[in-house]
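Coordinates as given in coords05.cif (mmCIF, C-alpha atoms and all ligand atoms):
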```cif
data_protein
#
loop_
_atom_site.label_atom_id
_atom_site.label_comp_id
_atom_site.auth_asym_id
_atom_site.auth_seq_id
_atom_site.Cartn_x
_atom_site.Cartn_y
_atom_site.Cartn_z
CA MET A 1 114.09 126.48 75.34
CA GLU A 2 113.60 130.05 76.45
CA ASN A 3 112.57 130.61 80.07
CA LYS A 4 109.37 132.26 78.95
CA GLN A 5 108.29 129.18 77.05
CA ALA A 6 109.26 126.83 79.89
CA ILE A 7 107.19 128.90 82.31
CA LYS A 8 104.26 128.90 79.90
CA ILE A 9 104.21 125.09 79.87
CA LEU A 10 103.98 125.08 83.66
CA THR A 11 101.32 127.78 83.90
CA ASP A 12 99.30 126.09 81.14
CA ILE A 13 99.10 122.80 83.01
CA ILE A 14 98.41 124.44 86.37
CA ALA A 15 95.43 126.17 84.71
CA LEU A 16 93.96 122.73 83.92
CA ASP A 17 91.87 121.74 86.93
CA THR A 18 92.83 118.11 87.54
CA THR A 19 91.53 117.85 91.10
CA ASN A 20 91.46 114.08 91.63
CA ASP A 21 90.10 113.65 88.07
CA HIS A 22 90.13 114.97 84.46
CA GLU A 23 93.85 114.18 83.97
CA SER A 24 93.25 113.65 80.23
CA GLN A 25 93.41 117.42 79.82
CA ILE A 26 97.10 117.25 80.72
CA ALA A 27 97.64 114.14 78.61
CA ASP A 28 96.11 116.04 75.65
CA TYR A 29 98.23 119.10 76.27
CA LEU A 30 101.48 117.13 76.56
CA THR A 31 100.67 114.96 73.56
CA ASP A 32 100.30 118.13 71.53
CA LEU A 33 103.68 119.45 72.68
CA PHE A 34 105.43 116.32 71.39
CA LYS A 35 103.40 115.76 68.24
CA ASP A 36 106.10 116.90 65.78
CA TYR A 37 108.90 114.91 67.38
CA PRO A 38 110.16 111.36 66.81
CA VAL A 39 108.74 109.97 70.05
CA LYS A 40 106.43 107.13 70.95
CA ILE A 41 103.25 108.22 72.70
CA ASP A 42 100.97 105.81 74.56
CA ARG A 43 97.74 106.73 76.30
CA VAL A 44 96.64 104.35 79.01
CA THR A 45 93.06 105.04 80.02
CA TYR A 46 92.11 104.40 83.62
CA ALA A 47 88.56 105.73 83.32
CA PRO A 48 86.78 108.18 81.00
CA GLY A 49 88.66 111.48 81.18
CA ARG A 50 91.49 109.88 83.10
CA ASP A 51 94.44 109.04 80.87
CA ASN A 52 97.92 108.08 81.98
CA LEU A 53 100.45 109.20 79.39
CA VAL A 54 103.71 107.53 78.40
CA ILE A 55 106.16 109.34 76.14
CA THR A 56 109.35 107.55 75.10
CA LEU A 57 112.25 109.15 73.28
CA GLY A 58 115.52 107.71 72.03
CA GLU A 59 116.13 104.63 69.91
CA SER A 60 118.10 102.23 72.04
CA GLY A 61 120.37 102.09 75.05
CA PRO A 62 119.62 102.33 78.79
CA MET A 63 116.19 103.70 79.61
CA LEU A 64 115.71 106.29 82.35
CA GLY A 65 112.20 106.91 83.59
CA PHE A 66 110.76 110.27 84.62
CA SER A 67 107.60 110.02 86.67
CA GLY A 68 105.08 112.70 87.55
CA HIS A 69 101.42 112.67 88.51
CA GLU A 70 98.87 114.71 86.61
CA ASP A 71 96.31 115.07 89.40
CA VAL A 72 96.24 117.58 92.25
CA VAL A 73 94.47 117.65 95.59
CA ASP A 74 91.35 119.70 96.26
CA ALA A 75 91.93 123.44 96.60
CA GLY A 76 89.89 123.59 99.80
CA ASP A 77 88.26 126.83 100.93
CA LEU A 78 88.83 129.37 98.15
CA ALA A 79 88.62 132.19 100.69
CA ASN A 80 92.07 131.11 101.90
CA TRP A 81 93.65 131.68 98.48
CA GLN A 82 95.05 135.10 97.65
CA THR A 83 94.77 134.28 93.94
CA PRO A 84 92.45 131.68 92.35
CA PRO A 85 94.06 128.20 92.50
CA PHE A 86 93.67 127.48 88.78
CA THR A 87 94.71 130.95 87.61
CA PRO A 88 98.48 130.67 87.90
CA THR A 89 99.88 133.97 89.14
CA ILE A 90 103.47 135.17 89.40
CA LYS A 91 104.39 137.47 92.27
CA ALA A 92 107.87 138.35 93.51
CA GLY A 93 109.60 135.46 91.78
CA LYS A 94 107.06 132.87 92.87
CA LEU A 95 104.42 131.14 90.85
CA TYR A 96 101.19 130.44 92.75
CA GLY A 97 98.52 127.88 91.93
CA ARG A 98 97.25 124.43 92.92
CA GLY A 99 99.91 121.93 91.87
CA ALA A 100 102.69 124.55 91.56
CA SER A 101 104.69 122.49 94.03
CA ASP A 102 102.96 119.08 94.13
CA MET A 103 103.80 118.38 91.44
CA LYS A 104 103.07 120.08 88.16
CA SER A 105 106.42 121.89 88.41
CA GLY A 106 108.25 118.57 88.56
CA LEU A 107 106.18 117.18 85.70
CA ALA A 108 106.62 120.33 83.56
CA ALA A 109 110.38 120.45 84.25
CA MET A 110 110.68 116.86 83.07
CA VAL A 111 108.72 117.68 79.93
CA VAL A 112 110.84 120.77 79.22
CA SER A 113 114.04 118.76 79.68
CA MET A 114 112.78 116.17 77.18
CA LEU A 115 111.87 118.82 74.61
CA ASP A 116 115.28 120.42 75.09
CA LEU A 117 116.98 117.07 74.55
CA LEU A 118 114.98 116.54 71.37
CA ASN A 119 115.83 120.04 70.18
CA SER A 120 119.53 119.72 71.02
CA GLY A 121 120.26 118.08 67.67
CA LYS A 122 122.54 115.61 69.43
CA LYS A 123 122.14 111.89 69.02
CA LEU A 124 120.81 110.56 72.29
CA PRO A 125 122.85 107.63 73.59
CA GLY A 126 119.95 106.17 75.55
CA ARG A 127 116.22 106.30 76.02
CA LEU A 128 114.02 108.41 78.26
CA ARG A 129 110.45 107.59 79.23
CA LEU A 130 107.96 109.97 80.81
CA LEU A 131 105.34 108.21 82.92
CA ALA A 132 102.57 110.71 83.70
CA SER A 133 100.07 109.10 86.03
CA VAL A 134 96.49 109.63 87.17
CA GLY A 135 95.11 109.33 90.68
CA GLU A 136 98.36 109.53 92.64
CA GLU A 137 96.80 111.54 95.44
CA ILE A 138 93.96 109.08 95.99
CA GLY A 139 95.78 105.78 95.79
CA GLU A 140 98.41 105.69 93.06
CA PHE A 141 96.18 103.58 90.88
CA GLY A 142 97.49 105.21 87.69
CA ALA A 143 101.06 104.14 88.40
CA ALA A 144 99.78 100.70 89.42
CA GLN A 145 98.08 100.41 86.04
CA LEU A 146 101.25 101.46 84.18
CA VAL A 147 103.31 98.87 86.07
CA LYS A 148 100.76 96.17 85.34
CA ALA A 149 100.70 97.08 81.65
CA GLY A 150 104.49 96.64 81.49
CA TYR A 151 105.54 100.26 80.98
CA ALA A 152 108.18 99.97 83.72
CA ASP A 153 109.65 96.72 82.40
CA GLU A 154 112.46 98.30 80.42
CA LEU A 155 113.46 100.96 82.94
CA ALA A 156 117.01 100.96 84.26
CA GLY A 157 116.22 103.70 86.78
CA LEU A 158 113.38 106.01 87.73
CA VAL A 159 113.25 109.60 88.96
CA ILE A 160 110.01 110.79 90.54
CA GLY A 161 109.66 114.57 90.35
CA GLU A 162 107.80 115.11 93.63
CA PRO A 163 108.91 118.18 95.58
CA SER A 164 112.18 117.43 97.39
CA ASN A 165 113.89 120.82 97.46
CA PHE A 166 116.59 119.28 95.24
CA ASN A 167 117.42 116.73 97.92
CA ILE A 168 117.14 113.07 97.01
CA ARG A 169 114.49 111.07 98.82
CA VAL A 170 115.68 107.50 98.86
CA THR A 171 113.16 105.83 101.16
CA HIS A 172 109.69 106.27 102.59
CA LYS A 173 107.15 104.37 104.64
CA GLY A 174 104.24 102.45 103.21
CA ILE A 175 100.58 102.86 104.15
CA ILE A 176 97.82 100.40 104.90
CA ASP A 177 94.40 102.00 105.29
CA TYR A 178 91.89 99.37 106.30
CA TYR A 179 88.23 99.03 107.18
CA VAL A 180 86.74 96.26 109.27
CA THR A 181 82.98 95.73 109.19
CA SER A 182 81.03 93.65 111.68
CA LYS A 183 77.59 92.14 111.12
CA GLY A 184 75.23 91.23 113.95
CA ILE A 185 71.59 90.45 114.46
CA GLY A 186 69.51 93.38 115.63
CA VAL A 187 66.81 92.75 118.24
CA HIS A 188 65.22 94.64 121.13
CA ALA A 189 67.79 95.36 123.83
CA SER A 190 65.53 93.67 126.41
CA THR A 191 66.10 90.29 124.72
CA PRO A 192 69.79 90.35 123.72
CA GLU A 193 69.96 86.54 123.79
CA LEU A 194 67.91 86.52 120.56
CA GLY A 195 70.34 88.71 118.65
CA ARG A 196 74.07 89.12 118.10
CA ASN A 197 75.91 92.29 119.07
CA ALA A 198 78.00 93.64 116.17
CA ILE A 199 80.04 95.97 118.34
CA MET A 200 81.64 93.49 120.75
CA PRO A 201 83.74 91.46 118.26
CA LEU A 202 84.84 94.69 116.63
CA VAL A 203 86.11 95.94 119.97
CA LYS A 204 87.97 92.65 120.40
CA PHE A 205 89.51 93.08 116.97
CA ALA A 206 90.59 96.62 117.83
CA GLN A 207 92.30 95.47 121.00
CA GLU A 208 94.06 92.52 119.41
CA ALA A 209 95.19 94.50 116.39
CA GLN A 210 96.49 97.25 118.64
CA THR A 211 98.45 94.79 120.78
CA LEU A 212 99.88 92.91 117.81
CA MET A 213 100.97 96.03 115.92
CA ALA A 214 102.51 97.48 119.10
CA SER A 215 104.63 94.33 119.38
CA HIS A 216 106.42 95.24 116.13
CA THR A 217 109.06 97.30 117.88
CA GLU A 218 112.01 96.90 115.53
CA LYS A 219 112.93 100.23 113.98
CA ASP A 220 114.20 101.08 110.52
CA PRO A 221 117.39 103.15 111.06
CA VAL A 222 116.04 106.01 108.92
CA LEU A 223 112.26 105.66 108.87
CA GLY A 224 111.76 104.68 112.51
CA GLY A 225 109.07 102.30 113.65
CA LEU A 226 105.78 101.01 112.33
CA THR A 227 102.79 103.01 113.55
CA HIS A 228 99.16 102.00 113.89
CA VAL A 229 96.14 104.13 114.67
CA ILE A 230 92.53 102.98 114.92
CA SER A 231 91.13 106.13 113.42
CA GLN A 232 87.32 105.75 113.29
CA ILE A 233 84.75 103.52 114.95
CA GLN A 234 80.99 103.49 114.62
CA GLY A 235 78.17 101.08 115.28
CA GLY A 236 74.58 100.59 116.26
CA ASN A 237 71.59 102.80 115.63
CA GLN A 238 69.61 103.15 118.81
CA ILE A 239 70.20 102.99 122.57
CA ASN A 240 67.69 100.20 123.19
CA SER A 241 68.57 97.91 120.27
CA VAL A 242 71.24 95.25 119.91
CA PRO A 243 73.48 96.68 117.16
CA ASP A 244 73.29 94.81 113.86
CA GLN A 245 76.30 96.58 112.33
CA ALA A 246 79.52 98.30 113.27
CA TRP A 247 82.73 99.28 111.53
CA LEU A 248 86.11 100.76 112.21
CA SER A 249 89.03 102.06 110.20
CA GLY A 250 92.74 101.96 110.85
CA ASN A 251 95.88 103.52 109.39
CA ILE A 252 99.21 101.73 109.51
CA ARG A 253 102.53 103.20 108.37
CA THR A 254 104.79 100.33 107.43
CA THR A 255 108.55 100.02 107.07
CA PRO A 256 110.61 97.53 105.04
CA LEU A 257 111.13 95.49 108.25
CA TYR A 258 107.41 94.69 108.36
CA PRO A 259 106.26 94.37 104.74
CA ASN A 260 102.65 95.19 103.89
CA GLN A 261 101.85 91.59 103.01
CA GLN A 262 102.95 90.34 106.43
CA ILE A 263 100.89 92.99 108.23
CA MET A 264 97.80 92.30 106.13
CA THR A 265 98.10 88.56 106.77
CA GLU A 266 98.31 89.26 110.50
CA LEU A 267 95.18 91.41 110.48
CA GLU A 268 93.34 88.76 108.49
CA GLN A 269 94.44 86.11 110.97
CA ILE A 270 92.85 88.01 113.85
CA ILE A 271 89.66 88.24 111.83
CA SER A 272 89.49 84.56 110.99
CA GLU A 273 90.08 83.62 114.62
CA LEU A 274 87.26 85.91 115.80
CA ASN A 275 85.00 84.65 113.02
CA ALA A 276 85.70 81.08 114.11
CA GLN A 277 84.28 82.13 117.49
CA GLY A 278 81.03 83.35 115.89
CA ALA A 279 81.83 86.89 114.79
CA GLN A 280 81.06 88.11 111.27
CA LEU A 281 83.95 90.39 110.52
CA ALA A 282 85.32 91.35 107.12
CA ILE A 283 88.31 93.49 106.20
CA ARG A 284 88.98 95.60 103.13
CA TYR A 285 91.85 97.87 102.21
CA SER A 286 91.95 101.22 100.51
CA TYR A 287 94.92 101.33 98.09
CA PRO A 288 97.70 99.94 100.27
CA GLU A 289 101.11 101.40 99.43
CA VAL A 290 104.29 99.47 100.10
CA PRO A 291 107.33 101.16 101.65
CA LEU A 292 110.26 102.21 99.49
CA PRO A 293 113.30 100.37 100.84
CA SER A 294 116.41 102.53 101.01
CA GLN A 295 117.90 103.34 97.62
CA ALA A 296 120.83 105.20 99.21
CA ASP A 297 123.39 102.68 98.00
CA THR A 298 122.19 102.55 94.40
CA LYS A 299 124.20 103.93 91.51
CA LEU A 300 121.26 106.17 90.59
CA ALA A 301 121.12 107.90 93.99
CA LYS A 302 124.86 108.53 93.96
CA LEU A 303 124.81 109.76 90.38
CA ALA A 304 121.92 112.12 91.15
CA GLN A 305 123.77 113.45 94.18
CA ARG A 306 126.80 114.29 92.04
CA VAL A 307 124.73 115.87 89.28
CA VAL A 308 122.67 118.00 91.70
CA ARG A 309 125.75 119.27 93.49
CA LYS A 310 127.58 120.03 90.27
CA SER A 311 124.61 121.67 88.54
CA LEU A 312 123.20 123.60 91.48
CA GLY A 313 125.84 123.76 94.17
CA ARG A 314 123.18 122.97 96.79
CA GLY A 315 120.78 120.17 97.76
CA GLY A 316 121.74 116.62 96.97
CA GLU A 317 121.25 115.29 100.51
CA LEU A 318 119.99 111.70 100.67
CA VAL A 319 116.87 111.93 102.82
CA ALA A 320 113.77 110.01 103.87
CA GLY A 321 110.31 111.05 102.73
CA THR A 322 107.26 111.44 104.93
CA GLY A 323 104.45 110.26 102.65
CA ALA A 324 104.12 107.52 100.06
CA THR A 325 104.54 108.26 96.34
CA ASP A 326 104.10 106.45 93.03
CA ALA A 327 107.36 104.72 94.02
CA SER A 328 105.17 102.34 96.07
CA GLU A 329 103.84 101.01 92.76
CA TYR A 330 106.97 101.16 90.63
CA ILE A 331 108.98 99.25 93.26
CA GLN A 332 106.63 96.33 92.58
CA ALA A 333 107.61 96.14 88.90
CA SER A 334 109.06 92.78 87.91
CA ASN A 335 112.52 94.10 87.08
CA ASN A 336 114.52 95.55 89.91
CA PHE A 337 115.52 99.14 89.07
CA PRO A 338 116.54 101.92 91.45
CA ILE A 339 114.04 104.69 92.25
CA ILE A 340 114.70 108.15 93.64
CA ILE A 341 112.47 111.11 94.37
CA LEU A 342 113.99 114.38 93.20
CA GLY A 343 112.03 117.50 92.37
CA PRO A 344 112.53 121.24 92.09
CA ALA A 345 109.82 122.43 94.49
CA ALA A 346 110.58 123.03 98.15
CA GLY A 347 107.44 121.17 99.20
CA VAL A 348 106.56 123.60 102.00
CA SER A 349 103.14 124.53 100.57
CA ASP A 350 101.89 121.15 99.36
CA HIS A 351 98.17 120.48 99.84
CA GLN A 352 97.79 124.01 101.26
CA PRO A 353 96.23 127.24 100.01
CA ASN A 354 98.59 129.57 98.10
CA GLU A 355 100.74 126.67 96.93
CA PHE A 356 103.81 127.95 95.10
CA ILE A 357 107.18 127.28 93.51
CA ALA A 358 110.06 129.72 93.15
CA ILE A 359 110.45 130.37 89.41
CA ASP A 360 114.23 130.04 89.64
CA ASP A 361 113.89 126.60 91.22
CA TYR A 362 111.56 125.47 88.46
CA LEU A 363 113.97 126.64 85.76
CA ALA A 364 116.89 125.01 87.58
CA GLY A 365 114.85 121.79 87.59
CA CYS A 366 114.35 121.93 83.81
CA LYS A 367 118.13 122.05 83.39
CA LEU A 368 118.86 119.51 86.12
CA TYR A 369 116.72 116.75 84.60
CA GLN A 370 118.55 117.17 81.32
CA ASP A 371 121.96 116.88 83.01
CA LEU A 372 120.68 113.86 84.90
CA ALA A 373 119.60 112.07 81.73
CA TRP A 374 122.96 112.64 80.03
CA GLN A 375 124.92 111.49 83.05
CA PHE A 376 122.67 108.45 83.46
CA TRP A 377 123.16 107.40 79.85
CA GLN A 378 126.91 107.89 80.00
CA GLU A 379 127.39 105.93 83.21
CA ASN A 380 125.05 103.14 82.22
CA LEU A 381 126.65 102.73 78.82
CA LYS A 382 130.10 102.32 80.37
CA VAL A 383 129.17 99.03 82.00
ZN ZN B 1 102.57 114.59 94.74
#
```
Take the structure I supplied and represent it as structure tokens, if you would.
Amino acid sequence: MENKQAIKILTDIIALDTTNDHESQIADYLTDLFKDYPVKIDRVTYAPGRDNLVITLGESGPMLGFSGHEDVVDAGDLANWQTPPFTPTIKAGKLYGRGASDMKSGLAAMVVSMLDLLNSGKKLPGRLRLLASVGEEIGEFGAAQLVKAGYADELAGLVIGEPSNFNIRVTHKGIIDYYVTSKGIGVHASTPELGRNAIMPLVKFAQEAQTLMASHTEKDPVLGGLTHVISQIQGGNQINSVPDQAWLSGNIRTTPLYPNQQIMTELEQIISELNAQGAQLAIRYSYPEVPLPSQADTKLAKLAQRVVRKSLGRGGELVAGTGATDASEYIQASNNFPIIILGPAAGVSDHQPNEFIAIDDYLAGCKLYQDLAWQFWQENLKV
């Protein structure tokens, strides 16, 4: 496809405001792009206006997955933007707009590569599946829904188009965000023996959780250690009342050495012990994300490294990521396929005002994903 047309696809989807919602606009737009082609299109609705989209091309053979999220984060204070976030603007070889980097450029490049493959006239030796997800930035619940519905079951490998500056992210930490609430009995502070203080067991929990998490000192060679921060604490209403409620929140970054399930069981154990002593504590989690164990030794990572270096002559380093991605969901699919994170954007402006991608990088990405699909099919057919 001509560069102009490839750029139009990207600017068109950046112009759709999908701030933590309304992803169906992108699903509609992409569905329309593919409507005259022999592809299978599935819409998977998460909530009204929030559709995941799955587009599958090819008849048979090994299936490569391309994953991109349709949502973007809030633009923040518009005064900090030199051009409006949802009016994509090109200046000096860079395209500015919310999602230009994270990650509508990766998503659009994947789409362009698929259209180019369909237009190539060649018989495709394998299959390719686009998994466009909702709600990645809030908790990856779109990808979780796609996994649950079985859309990852046939994948033989998955590429996530998050910004990686053409390096290959092969591992990242997981996240457990948790809230602990404590219930007490509120009475006048002059007669505390008639009530039950909600704050004190919460403080005990905080101390025990802190000590236990700090005892997990083993370090992943690439990701480093597990971290734990008690990030918020609040309780009580008045200086002369026994508090009847209190709560705290915590953020844990997990590594494959300490799987999420183990850590959650440990937190719950502290709670049940304190509850057995008369506390009324309860824990809930906000979209826990499991770590991505290293994929460095997989065939997919090595293949991608070769393709990137051959196609671009730069990038292709196997690196660790800082944040969690949809990989946290796809790694939980029942079949065990390799996952890498490889995208055209540099990732330096993500979640910031004046987010951008270099146009040349975007166009290189469109070509790279095509090369990657061909190479993947060839190498997976050999076996
Ligand atoms: Zn992203």
Margin query: Just to confirm, what's the straight-line distance from CA of Ala296 in chain A to CA of Glu70 in chain A in Å (one decimal)?
Written below: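 About the pair CA of Ala296 in chain A and CA of Glu70 in chain A: they are 27.0 Å apart.
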Notebook entry, point to check: Looking at A:Leu158, A:Val307, A:Ile138, A:Leu117, which one is nearest to ligand ZN 1 (chain B), with distances taken over all atoms listed in the file?
Noted result: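 Among the listed residues, the smallest separation from ligand ZN 1 (chain B) belongs to A:Ile138.
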Notebook entry, point to check: Residues at most 6 Å from Ile168 in chain A, counting only C-alpha atoms, excluding those fewer than 6 positions away in the same chain, as JSON, numbers by chain?
Noted result: {"A": [316, 317, 318, 319, 341, 342]}
Checklist line | Given only C-alpha atoms as the counted atoms, nearest of A:Ile339, A:Leu78, A:Ala15, A:Val290 to Lys302 in chain A | finding: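 Among A:Ile339, A:Leu78, A:Ala15, A:Val290, it is A:Ile339 that comes nearest to Lys302 in chain A.
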Margin query: Using only C-alpha atoms and all ligand atoms, which residues of the polymer chains come no farther than 6 Å from ligand ZN 1 (chain B)? I'd like the answer as a ChimeraX atom specification.
Written below: /A:102-103,162
Would you output that residue set with C-alpha atoms, as a PDB file, in the coordinates of the input?
```
ATOM      1  CA  ASP A 102     102.960 119.080  94.130  1.00  0.00           C
ATOM      2  CA  MET A 103     103.800 118.380  91.440  1.00  0.00           C
ATOM      3  CA  GLU A 162     107.800 115.110  93.630  1.00  0.00           C
TER       4      GLU A 162
END
```
